[in-house]
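Novice: This is the structure I have questions about; it appears just below.
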Amino acid sequence: MPRRKLVAGNWKMHGSLAANAALLNAVSAAASAGCDSAVCVPYPYLAQTQAALFGKAVAWGAQNLSQHAQGAFTGEVNAAMLVEFGCKYVIVGHSERRALYGESSELVAHKYEVAQQAGLVPILCLGETLEQREAGQTGAVVTEQLDAVLNRCGVASLDKAVIAYEPVWAIGTGRTATPEQAQETHALIRAHIAKLDAGVADRVQILYGGSVKANNAAELFAQTDIDGGLIGGASLVADDFSAIMRAGAAV
Ligand code: 13P
């Protein structure tokens with residue numbers, strides 16, 4: 001069975017009540033049965049997003065969660081809270097969190113585990129820096145990041161997860177990986193999983209992220225192992241995100 005495409009927006013730390021209202025309206029109008037879609041919004045906007053998208057074809061989620069169940073963790077948000085606000089997805093291990101907040105692959109795997117235990121679908125981000133790519137370490141870096149999850153949760157857990165390959169050098173830079181570069185790493189990730197379970201490898205959605213725009217989405221999504229995108233900047237522009245959703249439905 002062919003894998004469905006998923007186009008997910010990562011709003012990062014952007015938005016306002018007024019701007020979100022218009023954006024959520026446009027996104028829900030652009031949704032179609034031909035492509036899964038979602039928006040991952042800042043925590044304070046989850047209630048607004050839930051109200052706007054409830055019963056619509058677009059799912060929603062958060063961009064991070066605590067590895068802890070509850071307790072004295074000032075400023076943190078747990079998985080159960082995300083479930084209360086109807087989240088389907090939660091991003092874990094985004095490169096910004098790895099780089100700026102010191103999240104290790106072990107911590108990311110812990111967050112992935114607690115997300116799944118709560119019934120959330122983790123979107124597990126993997127990706128190398130430019131320095132690592134130029135040193136020929138892309139494969140080693142993404143497999144180390146993935147292995148932390150495989151060792152902790154097992155390969156079968158990927159049936160309830162999404163992977164996003166996001167080369168760090170392509171994020172927010174306008175420098176997209178070429179479809180061939182992205183496909184090469186997606187195939188490598190899928191082959192790594194297939195060594196453990198060919199069926200899981202065949203089923204898991206692997207998204208590409210990093211300067212996906214309306215004018216390059218179709219070409220990226222046409223690659224054999226690219227099952228959609230995790231979209232940053234372009235997910236904040238209704239027309240652009242809608243066009244990317246249409247590109248996901250068209251292939
Ligand atoms: P941009 O699409 O802005 O490059 O961001 C990609 C990203 O980090 C999505 O998680």
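By convention here, the chains of the structure tokens are called A, B, ... in the order presented, each chain's residues are numbered starting at 1, and ligands are numbered starting at 1 in the order presented.
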Output the neighbourhood of ligand 1 as a compact mmCIF listing (two decimals) with all heavy atoms, in the first residue's frame, that is, all protein and nucleic acid residues with some atom at most 7 Å from the ligand, counting only C-alpha atoms and all ligand atoms.
Specialist:
# COMPACT_ATOMS: atom_id res chain seq x y z
N ASN A 10 5.29 23.66 11.23
CA ASN A 10 5.91 23.93 12.53
C ASN A 10 6.00 25.45 12.64
O ASN A 10 6.86 26.07 12.02
CB ASN A 10 7.30 23.28 12.58
CG ASN A 10 8.07 23.69 13.84
OD1 ASN A 10 7.51 24.30 14.76
ND2 ASN A 10 9.35 23.36 13.88
N HIS A 94 13.60 18.40 17.58
CA HIS A 94 13.90 19.40 16.55
C HIS A 94 15.34 19.90 16.75
O HIS A 94 15.78 20.06 17.88
CB HIS A 94 12.91 20.56 16.61
CG HIS A 94 13.01 21.44 15.40
ND1 HIS A 94 13.98 22.40 15.27
CD2 HIS A 94 12.29 21.47 14.25
CE1 HIS A 94 13.85 22.99 14.08
NE2 HIS A 94 12.82 22.44 13.45
N GLU A 166 15.57 16.61 8.71
CA GLU A 166 15.75 18.05 8.54
C GLU A 166 17.23 18.40 8.63
O GLU A 166 17.76 18.59 9.74
CB GLU A 166 15.00 18.81 9.64
CG GLU A 166 13.51 18.55 9.67
CD GLU A 166 12.75 19.71 10.29
OE1 GLU A 166 13.11 20.17 11.39
OE2 GLU A 166 11.81 20.17 9.65
N ALA A 170 19.74 23.43 6.08
CA ALA A 170 18.65 23.81 5.16
C ALA A 170 17.51 24.50 5.90
O ALA A 170 16.56 24.97 5.27
CB ALA A 170 18.13 22.58 4.44
N ILE A 171 17.60 24.57 7.24
CA ILE A 171 16.49 25.12 8.02
C ILE A 171 16.57 26.63 8.08
O ILE A 171 17.55 27.19 8.57
CB ILE A 171 16.48 24.52 9.44
CG1 ILE A 171 16.19 23.02 9.38
CG2 ILE A 171 15.45 25.23 10.31
CD1 ILE A 171 16.24 22.32 10.72
N GLY A 172 15.54 27.28 7.55
CA GLY A 172 15.44 28.73 7.64
C GLY A 172 16.50 29.47 6.83
O GLY A 172 16.67 30.68 6.96
N THR A 173 17.21 28.74 5.97
CA THR A 173 18.31 29.35 5.23
C THR A 173 17.94 29.64 3.78
O THR A 173 18.69 30.32 3.09
CB THR A 173 19.53 28.40 5.22
OG1 THR A 173 19.11 27.16 4.61
CG2 THR A 173 20.05 28.15 6.61
N GLY A 174 16.83 29.06 3.33
CA GLY A 174 16.48 29.17 1.92
C GLY A 174 17.31 28.22 1.07
O GLY A 174 17.17 28.15 -0.14
N GLY A 209 12.26 18.23 5.90
CA GLY A 209 12.09 19.61 6.38
C GLY A 209 13.35 20.41 6.13
O GLY A 209 14.47 19.89 6.26
N GLY A 210 13.17 21.68 5.78
CA GLY A 210 14.31 22.56 5.53
C GLY A 210 14.06 23.33 4.26
O GLY A 210 14.31 22.84 3.15
N SER A 211 13.49 24.55 4.45
CA SER A 211 13.23 25.45 3.32
C SER A 211 12.33 24.82 2.25
O SER A 211 12.53 25.04 1.05
CB SER A 211 14.54 25.96 2.71
OG SER A 211 15.27 26.72 3.68
N VAL A 212 11.33 24.04 2.71
CA VAL A 212 10.30 23.60 1.76
C VAL A 212 9.39 24.80 1.47
O VAL A 212 8.92 25.47 2.41
CB VAL A 212 9.45 22.44 2.32
CG1 VAL A 212 8.37 22.04 1.31
CG2 VAL A 212 10.33 21.24 2.66
N LEU A 230 7.88 18.77 6.71
CA LEU A 230 7.70 19.52 7.96
C LEU A 230 8.13 20.95 7.60
O LEU A 230 9.30 21.20 7.27
CB LEU A 230 8.55 18.93 9.08
CG LEU A 230 8.40 19.55 10.47
CD1 LEU A 230 6.94 19.52 10.94
CD2 LEU A 230 9.27 18.81 11.49
N ILE A 231 7.18 21.84 7.66
CA ILE A 231 7.33 23.15 7.03
C ILE A 231 7.44 24.23 8.10
O ILE A 231 6.54 24.36 8.94
CB ILE A 231 6.09 23.48 6.14
CG1 ILE A 231 5.57 22.25 5.38
CG2 ILE A 231 6.38 24.66 5.23
CD1 ILE A 231 6.54 21.63 4.41
N GLY A 232 8.51 25.02 8.06
CA GLY A 232 8.67 26.12 9.01
C GLY A 232 8.08 27.40 8.45
O GLY A 232 6.87 27.61 8.47
N GLY A 233 8.95 28.27 7.94
CA GLY A 233 8.53 29.60 7.51
C GLY A 233 7.30 29.62 6.60
O GLY A 233 6.39 30.44 6.81
N ALA A 234 7.26 28.71 5.63
CA ALA A 234 6.13 28.74 4.68
C ALA A 234 4.81 28.31 5.32
O ALA A 234 3.75 28.56 4.75
CB ALA A 234 6.45 27.86 3.47
Novice: Please identify all polymer residues within 9 Å of segment 145-156 of chain A, counting only C-alpha atoms, omitting same-chain residues fewer than 2 positions from it, and present them as a PyMOL selection string.
Specialist: chain A and resi 93+104-110+112-113+124-127+140-143+158-160+189+193+196-197+200-201
Novice: Those same residues, written as a compact mmCIF listing (two decimals), in the first residue's frame with C-alpha atoms?
Specialist:
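Output (part04.txt):
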# COMPACT_ATOMS: atom_id res chain seq x y z
CA GLY A 93 14.16 16.38 18.82
CA SER A 104 20.57 14.83 23.78
CA SER A 105 19.41 11.91 21.66
CA GLU A 106 18.69 10.04 24.92
CA LEU A 107 16.43 12.82 26.18
CA VAL A 108 14.68 12.98 22.82
CA ALA A 109 14.07 9.22 22.99
CA HIS A 110 12.61 9.63 26.47
CA TYR A 112 9.30 10.14 22.25
CA GLU A 113 8.47 7.34 24.68
CA LEU A 124 10.99 12.58 15.47
CA CYS A 125 13.41 15.04 13.87
CA LEU A 126 16.81 13.88 12.64
CA GLY A 127 19.45 15.88 10.82
CA ALA A 140 26.36 8.29 11.07
CA VAL A 141 24.64 11.30 12.65
CA VAL A 142 21.07 10.45 11.63
CA THR A 143 21.46 6.79 12.53
CA LEU A 158 7.78 3.53 14.53
CA ASP A 159 4.34 2.27 13.47
CA LYS A 160 3.01 4.99 15.77
CA ILE A 189 17.06 6.05 7.09
CA ILE A 193 15.00 0.59 9.82
CA LEU A 196 15.30 -4.49 11.90
CA ASP A 197 11.84 -4.74 10.32
CA VAL A 200 7.82 -1.05 9.57
CA ALA A 201 10.39 0.54 7.25
Novice: Assign secondary structure with DSSP using the backbone only, and return the residues of segment 7-187 of chain A in alpha helix (DSSP H) as a PyMOL selection string.
Specialist: chain A and resi 17-30+46-53+79-84+95-100+105-117+130-134+138-153+179-187
Novice: Output as a tab-separated table (two decimals) with all heavy atoms, in the first residue's frame all residues of segment 33-198 of chain A that backbone DSSP marks as strand (DSSP E or B).
Specialist:
chain	number	residue	atom	x	y	z
A	36	ASP	N	-2.53	13.85	4.34
A	36	ASP	CA	-2.65	14.17	5.77
A	36	ASP	C	-2.06	15.55	6.00
A	36	ASP	O	-1.10	15.94	5.33
A	36	ASP	CB	-1.88	13.15	6.63
A	36	ASP	CG	-2.45	11.74	6.53
A	36	ASP	OD1	-3.62	11.60	6.14
A	36	ASP	OD2	-1.71	10.79	6.85
A	37	SER	N	-2.62	16.28	6.96
A	37	SER	CA	-2.06	17.60	7.24
A	37	SER	C	-2.19	17.91	8.73
A	37	SER	O	-3.03	17.34	9.43
A	37	SER	CB	-2.78	18.68	6.41
A	37	SER	OG	-4.17	18.63	6.63
A	38	ALA	N	-1.31	18.80	9.18
A	38	ALA	CA	-1.29	19.15	10.61
A	38	ALA	C	-0.56	20.48	10.80
A	38	ALA	O	0.23	20.89	9.95
A	38	ALA	CB	-0.56	18.07	11.41
A	39	VAL	N	-0.86	21.12	11.93
A	39	VAL	CA	-0.08	22.29	12.34
A	39	VAL	C	0.39	22.08	13.78
A	39	VAL	O	-0.37	21.63	14.63
A	39	VAL	CB	-0.90	23.61	12.25
A	39	VAL	CG1	-1.09	24.02	10.79
A	39	VAL	CG2	-2.24	23.52	12.96
A	40	CYS	N	1.67	22.36	14.01
A	40	CYS	CA	2.24	22.27	15.35
A	40	CYS	C	2.48	23.69	15.84
A	40	CYS	O	3.31	24.42	15.29
A	40	CYS	CB	3.52	21.45	15.34
A	40	CYS	SG	3.21	19.72	14.90
A	58	VAL	N	-7.71	18.77	9.30
A	58	VAL	CA	-6.34	19.10	9.69
A	58	VAL	C	-6.12	18.75	11.17
A	58	VAL	O	-6.90	19.19	12.03
A	58	VAL	CB	-6.06	20.61	9.49
A	58	VAL	CG1	-4.59	20.92	9.77
A	58	VAL	CG2	-6.46	21.05	8.09
A	59	ALA	N	-5.09	17.98	11.45
A	59	ALA	CA	-4.76	17.66	12.84
A	59	ALA	C	-3.87	18.76	13.40
A	59	ALA	O	-3.41	19.64	12.68
A	59	ALA	CB	-4.04	16.31	12.89
A	60	TRP	N	-3.63	18.70	14.71
A	60	TRP	CA	-2.76	19.70	15.31
A	60	TRP	C	-1.88	19.06	16.38
A	60	TRP	O	-2.14	17.92	16.80
A	60	TRP	CB	-3.55	20.88	15.88
A	60	TRP	CG	-4.52	20.52	16.97
A	60	TRP	CD1	-4.31	20.56	18.31
A	60	TRP	CD2	-5.88	20.07	16.78
A	60	TRP	NE1	-5.44	20.15	18.98
A	60	TRP	CE2	-6.42	19.85	18.07
A	60	TRP	CE3	-6.68	19.83	15.67
A	60	TRP	CZ2	-7.73	19.40	18.26
A	60	TRP	CZ3	-7.99	19.37	15.86
A	60	TRP	CH2	-8.49	19.17	17.15
A	61	GLY	N	-0.88	19.81	16.78
A	61	GLY	CA	0.03	19.26	17.77
A	61	GLY	C	0.91	20.34	18.35
A	61	GLY	O	0.74	21.53	18.07
A	62	ALA	N	1.87	19.91	19.17
A	62	ALA	CA	2.79	20.82	19.84
A	62	ALA	C	4.20	20.61	19.29
A	62	ALA	O	4.43	19.72	18.46
A	62	ALA	CB	2.74	20.59	21.35
A	89	TYR	N	-0.25	15.13	17.26
A	89	TYR	CA	1.20	15.05	17.07
A	89	TYR	C	1.96	15.88	18.10
A	89	TYR	O	1.44	16.84	18.66
A	89	TYR	CB	1.58	15.61	15.69
A	89	TYR	CG	1.03	14.83	14.52
A	89	TYR	CD1	-0.06	15.31	13.78
A	89	TYR	CD2	1.61	13.62	14.13
A	89	TYR	CE1	-0.56	14.60	12.68
A	89	TYR	CE2	1.11	12.91	13.04
A	89	TYR	CZ	0.03	13.40	12.32
A	89	TYR	OH	-0.45	12.70	11.25
A	90	VAL	N	3.23	15.51	18.31
A	90	VAL	CA	4.16	16.39	19.02
A	90	VAL	C	5.54	16.20	18.39
A	90	VAL	O	5.98	15.07	18.16
A	90	VAL	CB	4.17	16.14	20.54
A	90	VAL	CG1	4.59	14.71	20.90
A	90	VAL	CG2	5.08	17.15	21.24
A	91	ILE	N	6.17	17.32	18.06
A	91	ILE	CA	7.52	17.26	17.50
A	91	ILE	C	8.49	16.95	18.64
A	91	ILE	O	8.40	17.55	19.72
A	91	ILE	CB	7.89	18.61	16.86
A	91	ILE	CG1	6.96	18.91	15.66
A	91	ILE	CG2	9.35	18.63	16.41
A	91	ILE	CD1	7.11	20.33	15.09
A	92	VAL	N	9.40	16.02	18.42
A	92	VAL	CA	10.48	15.78	19.39
A	92	VAL	C	11.83	15.82	18.68
A	92	VAL	O	11.95	15.37	17.53
A	92	VAL	CB	10.32	14.45	20.18
A	92	VAL	CG1	9.05	14.45	21.02
A	92	VAL	CG2	10.36	13.24	19.27
A	121	VAL	N	1.36	11.02	18.65
A	121	VAL	CA	2.26	10.55	17.60
A	121	VAL	C	3.47	11.47	17.57
A	121	VAL	O	3.35	12.63	17.17
A	121	VAL	CB	1.56	10.56	16.22
A	121	VAL	CG1	2.53	10.15	15.12
A	121	VAL	CG2	0.33	9.65	16.23
A	122	PRO	N	4.63	10.98	18.00
A	122	PRO	CA	5.82	11.85	17.93
A	122	PRO	C	6.29	12.03	16.50
A	122	PRO	O	6.30	11.07	15.72
A	122	PRO	CB	6.87	11.10	18.77
A	122	PRO	CG	6.40	9.69	18.84
A	122	PRO	CD	4.93	9.67	18.61
A	123	ILE	N	6.66	13.26	16.17
A	123	ILE	CA	7.35	13.53	14.90
A	123	ILE	C	8.82	13.69	15.28
A	123	ILE	O	9.23	14.71	15.84
A	123	ILE	CB	6.81	14.81	14.23
A	123	ILE	CG1	5.31	14.68	13.91
A	123	ILE	CG2	7.61	15.10	12.95
A	123	ILE	CD1	4.68	15.94	13.30
A	124	LEU	N	9.59	12.65	15.03
A	124	LEU	CA	10.99	12.58	15.47
A	124	LEU	C	11.89	13.23	14.43
A	124	LEU	O	11.98	12.73	13.29
A	124	LEU	CB	11.39	11.11	15.65
A	124	LEU	CG	12.87	10.84	15.91
A	124	LEU	CD1	13.30	11.38	17.27
A	124	LEU	CD2	13.16	9.34	15.80
A	125	CYS	N	12.55	14.32	14.82
A	125	CYS	CA	13.41	15.04	13.87
A	125	CYS	C	14.85	14.52	13.94
A	125	CYS	O	15.40	14.34	15.04
A	125	CYS	CB	13.41	16.53	14.18
A	125	CYS	SG	11.80	17.30	13.99
A	126	LEU	N	15.42	14.31	12.78
A	126	LEU	CA	16.81	13.88	12.64
A	126	LEU	C	17.49	14.83	11.66
A	126	LEU	O	16.84	15.32	10.74
A	126	LEU	CB	16.89	12.46	12.03
A	126	LEU	CG	15.95	11.38	12.58
A	126	LEU	CD1	16.08	10.11	11.73
A	126	LEU	CD2	16.31	11.07	14.03
A	162	VAL	N	6.21	9.38	13.33
A	162	VAL	CA	6.59	9.95	12.04
A	162	VAL	C	8.04	10.40	12.20
A	162	VAL	O	8.44	10.86	13.28
A	162	VAL	CB	5.69	11.17	11.70
A	162	VAL	CG1	6.19	11.91	10.46
A	162	VAL	CG2	4.22	10.75	11.53
A	163	ILE	N	8.83	10.23	11.15
A	163	ILE	CA	10.21	10.72	11.17
A	163	ILE	C	10.28	11.96	10.28
A	163	ILE	O	9.60	12.03	9.25
A	163	ILE	CB	11.18	9.63	10.66
A	163	ILE	CG1	11.23	8.46	11.65
A	163	ILE	CG2	12.59	10.20	10.45
A	163	ILE	CD1	12.01	7.26	11.16
A	164	ALA	N	11.06	12.95	10.70
A	164	ALA	CA	11.30	14.11	9.83
A	164	ALA	C	12.81	14.27	9.68
A	164	ALA	O	13.52	14.46	10.68
A	164	ALA	CB	10.69	15.37	10.42
A	165	TYR	N	13.28	14.16	8.45
A	165	TYR	CA	14.70	14.43	8.18
A	165	TYR	C	14.84	15.91	7.86
A	165	TYR	O	14.27	16.39	6.88
A	165	TYR	CB	15.21	13.57	7.02
A	165	TYR	CG	16.57	14.03	6.54
A	165	TYR	CD1	17.65	14.07	7.42
A	165	TYR	CD2	16.77	14.47	5.23
A	165	TYR	CE1	18.90	14.53	7.01
A	165	TYR	CE2	18.02	14.92	4.80
A	165	TYR	CZ	19.07	14.95	5.70
A	165	TYR	OH	20.30	15.42	5.29
Novice: Tell me, as a ChimeraX atom specification, which residues lie within 9 Å of segment 73-86 of chain A, counting only C-alpha atoms; anything in the same chain fewer than 5 positions away does not count.
Specialist: /A:43,46-47,49-50,54,59-62,64-68,111,114-120
Novice: The selected residues should be written to file as a PDB file, in the first residue's frame (atoms: N, CA and C atoms).
Specialist:
ATOM      1  N   TYR A  43       2.345  26.384  22.548  1.00  0.00           N
ATOM      2  CA  TYR A  43       1.401  25.906  23.576  1.00  0.00           C
ATOM      3  C   TYR A  43       0.206  26.832  23.829  1.00  0.00           C
ATOM      4  N   LEU A  46      -2.895  26.322  21.626  1.00  0.00           N
ATOM      5  CA  LEU A  46      -3.517  25.010  21.415  1.00  0.00           C
ATOM      6  C   LEU A  46      -5.040  25.084  21.544  1.00  0.00           C
ATOM      7  N   ALA A  47      -5.529  25.857  22.503  1.00  0.00           N
ATOM      8  CA  ALA A  47      -6.984  25.938  22.690  1.00  0.00           C
ATOM      9  C   ALA A  47      -7.637  26.588  21.469  1.00  0.00           C
ATOM     10  N   THR A  49      -6.431  26.638  18.469  1.00  0.00           N
ATOM     11  CA  THR A  49      -6.275  25.729  17.337  1.00  0.00           C
ATOM     12  C   THR A  49      -7.300  24.603  17.422  1.00  0.00           C
ATOM     13  N   GLN A  50      -7.479  24.077  18.629  1.00  0.00           N
ATOM     14  CA  GLN A  50      -8.464  23.011  18.835  1.00  0.00           C
ATOM     15  C   GLN A  50      -9.863  23.492  18.448  1.00  0.00           C
ATOM     16  N   PHE A  54     -11.362  21.656  15.186  1.00  0.00           N
ATOM     17  CA  PHE A  54     -12.151  20.512  15.661  1.00  0.00           C
ATOM     18  C   PHE A  54     -13.128  20.062  14.566  1.00  0.00           C
ATOM     19  N   ALA A  59      -5.093  17.981  11.450  1.00  0.00           N
ATOM     20  CA  ALA A  59      -4.762  17.655  12.843  1.00  0.00           C
ATOM     21  C   ALA A  59      -3.872  18.761  13.404  1.00  0.00           C
ATOM     22  N   TRP A  60      -3.629  18.702  14.709  1.00  0.00           N
ATOM     23  CA  TRP A  60      -2.758  19.704  15.315  1.00  0.00           C
ATOM     24  C   TRP A  60      -1.882  19.058  16.384  1.00  0.00           C
ATOM     25  N   GLY A  61      -0.880  19.805  16.780  1.00  0.00           N
ATOM     26  CA  GLY A  61       0.031  19.259  17.768  1.00  0.00           C
ATOM     27  C   GLY A  61       0.912  20.343  18.351  1.00  0.00           C
ATOM     28  N   ALA A  62       1.866  19.913  19.169  1.00  0.00           N
ATOM     29  CA  ALA A  62       2.788  20.824  19.843  1.00  0.00           C
ATOM     30  C   ALA A  62       4.195  20.607  19.291  1.00  0.00           C
ATOM     31  N   ASN A  64       7.013  20.415  21.381  1.00  0.00           N
ATOM     32  CA  ASN A  64       7.915  19.908  22.413  1.00  0.00           C
ATOM     33  C   ASN A  64       7.028  19.407  23.544  1.00  0.00           C
ATOM     34  N   LEU A  65       7.595  18.614  24.446  1.00  0.00           N
ATOM     35  CA  LEU A  65       6.902  18.238  25.676  1.00  0.00           C
ATOM     36  C   LEU A  65       7.943  17.859  26.712  1.00  0.00           C
ATOM     37  N   SER A  66       7.495  17.797  27.955  1.00  0.00           N
ATOM     38  CA  SER A  66       8.386  17.353  29.021  1.00  0.00           C
ATOM     39  C   SER A  66       8.476  15.837  29.015  1.00  0.00           C
ATOM     40  N   GLN A  67       9.606  15.329  29.448  1.00  0.00           N
ATOM     41  CA  GLN A  67       9.735  13.885  29.628  1.00  0.00           C
ATOM     42  C   GLN A  67       9.101  13.431  30.938  1.00  0.00           C
ATOM     43  N   HIS A  68       8.742  14.389  31.801  1.00  0.00           N
ATOM     44  CA  HIS A  68       8.177  14.047  33.105  1.00  0.00           C
ATOM     45  C   HIS A  68       6.648  14.001  33.046  1.00  0.00           C
ATOM     46  N   LYS A 111      11.429  11.570  25.554  1.00  0.00           N
ATOM     47  CA  LYS A 111      10.242  12.355  25.205  1.00  0.00           C
ATOM     48  C   LYS A 111       9.360  11.606  24.198  1.00  0.00           C
ATOM     49  N   VAL A 114       7.403   8.941  26.182  1.00  0.00           N
ATOM     50  CA  VAL A 114       6.267   9.411  26.989  1.00  0.00           C
ATOM     51  C   VAL A 114       5.156   9.955  26.083  1.00  0.00           C
ATOM     52  N   ALA A 115       5.521  10.510  24.946  1.00  0.00           N
ATOM     53  CA  ALA A 115       4.506  10.970  23.995  1.00  0.00           C
ATOM     54  C   ALA A 115       3.660   9.783  23.537  1.00  0.00           C
ATOM     55  N   GLN A 116       4.329   8.707  23.139  1.00  0.00           N
ATOM     56  CA  GLN A 116       3.581   7.531  22.667  1.00  0.00           C
ATOM     57  C   GLN A 116       2.752   6.903  23.779  1.00  0.00           C
ATOM     58  N   GLN A 117       3.312   6.876  24.990  1.00  0.00           N
ATOM     59  CA  GLN A 117       2.550   6.294  26.104  1.00  0.00           C
ATOM     60  C   GLN A 117       1.259   7.059  26.350  1.00  0.00           C
ATOM     61  N   ALA A 118       1.259   8.344  26.015  1.00  0.00           N
ATOM     62  CA  ALA A 118       0.055   9.164  26.207  1.00  0.00           C
ATOM     63  C   ALA A 118      -0.870   9.107  24.992  1.00  0.00           C
ATOM     64  N   GLY A 119      -0.438   8.409  23.950  1.00  0.00           N
ATOM     65  CA  GLY A 119      -1.278   8.297  22.758  1.00  0.00           C
ATOM     66  C   GLY A 119      -0.997   9.345  21.691  1.00  0.00           C
ATOM     67  N   LEU A 120       0.055  10.129  21.895  1.00  0.00           N
ATOM     68  CA  LEU A 120       0.450  11.124  20.893  1.00  0.00           C
ATOM     69  C   LEU A 120       1.356  10.463  19.846  1.00  0.00           C
TER      70      LEU A 120
END
Novice: Near Val251 of chain A, counting only C-alpha atoms, which residues have an atom at most 10 Å away, once you skip same-chain residues fewer than 5 positions from it, shown as a VMD selection string?
Specialist: chain A and resid 4 to 5 34 to 35 218 to 219 221 to 223 227 to 228 246
Novice: Which polymer residues have any atom within 7 Å of an atom of Val168 of chain A, counting only C-alpha atoms, with same-chain residues fewer than 6 positions away left out, as an MDAnalysis selection string?
Specialist: chainID A and resid 95 127:130
Novice: Out of A:Thr178, A:Ala19, A:Ala69, A:Arg3, which residue has the shortest atom-to-atom distance to Gly248 of chain A when counting only C-alpha atoms?
Specialist: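 Checking each of A:Thr178, A:Ala19, A:Ala69, A:Arg3 against Gly248 of chain A, counting only C-alpha atoms, the winner is A:Arg3.
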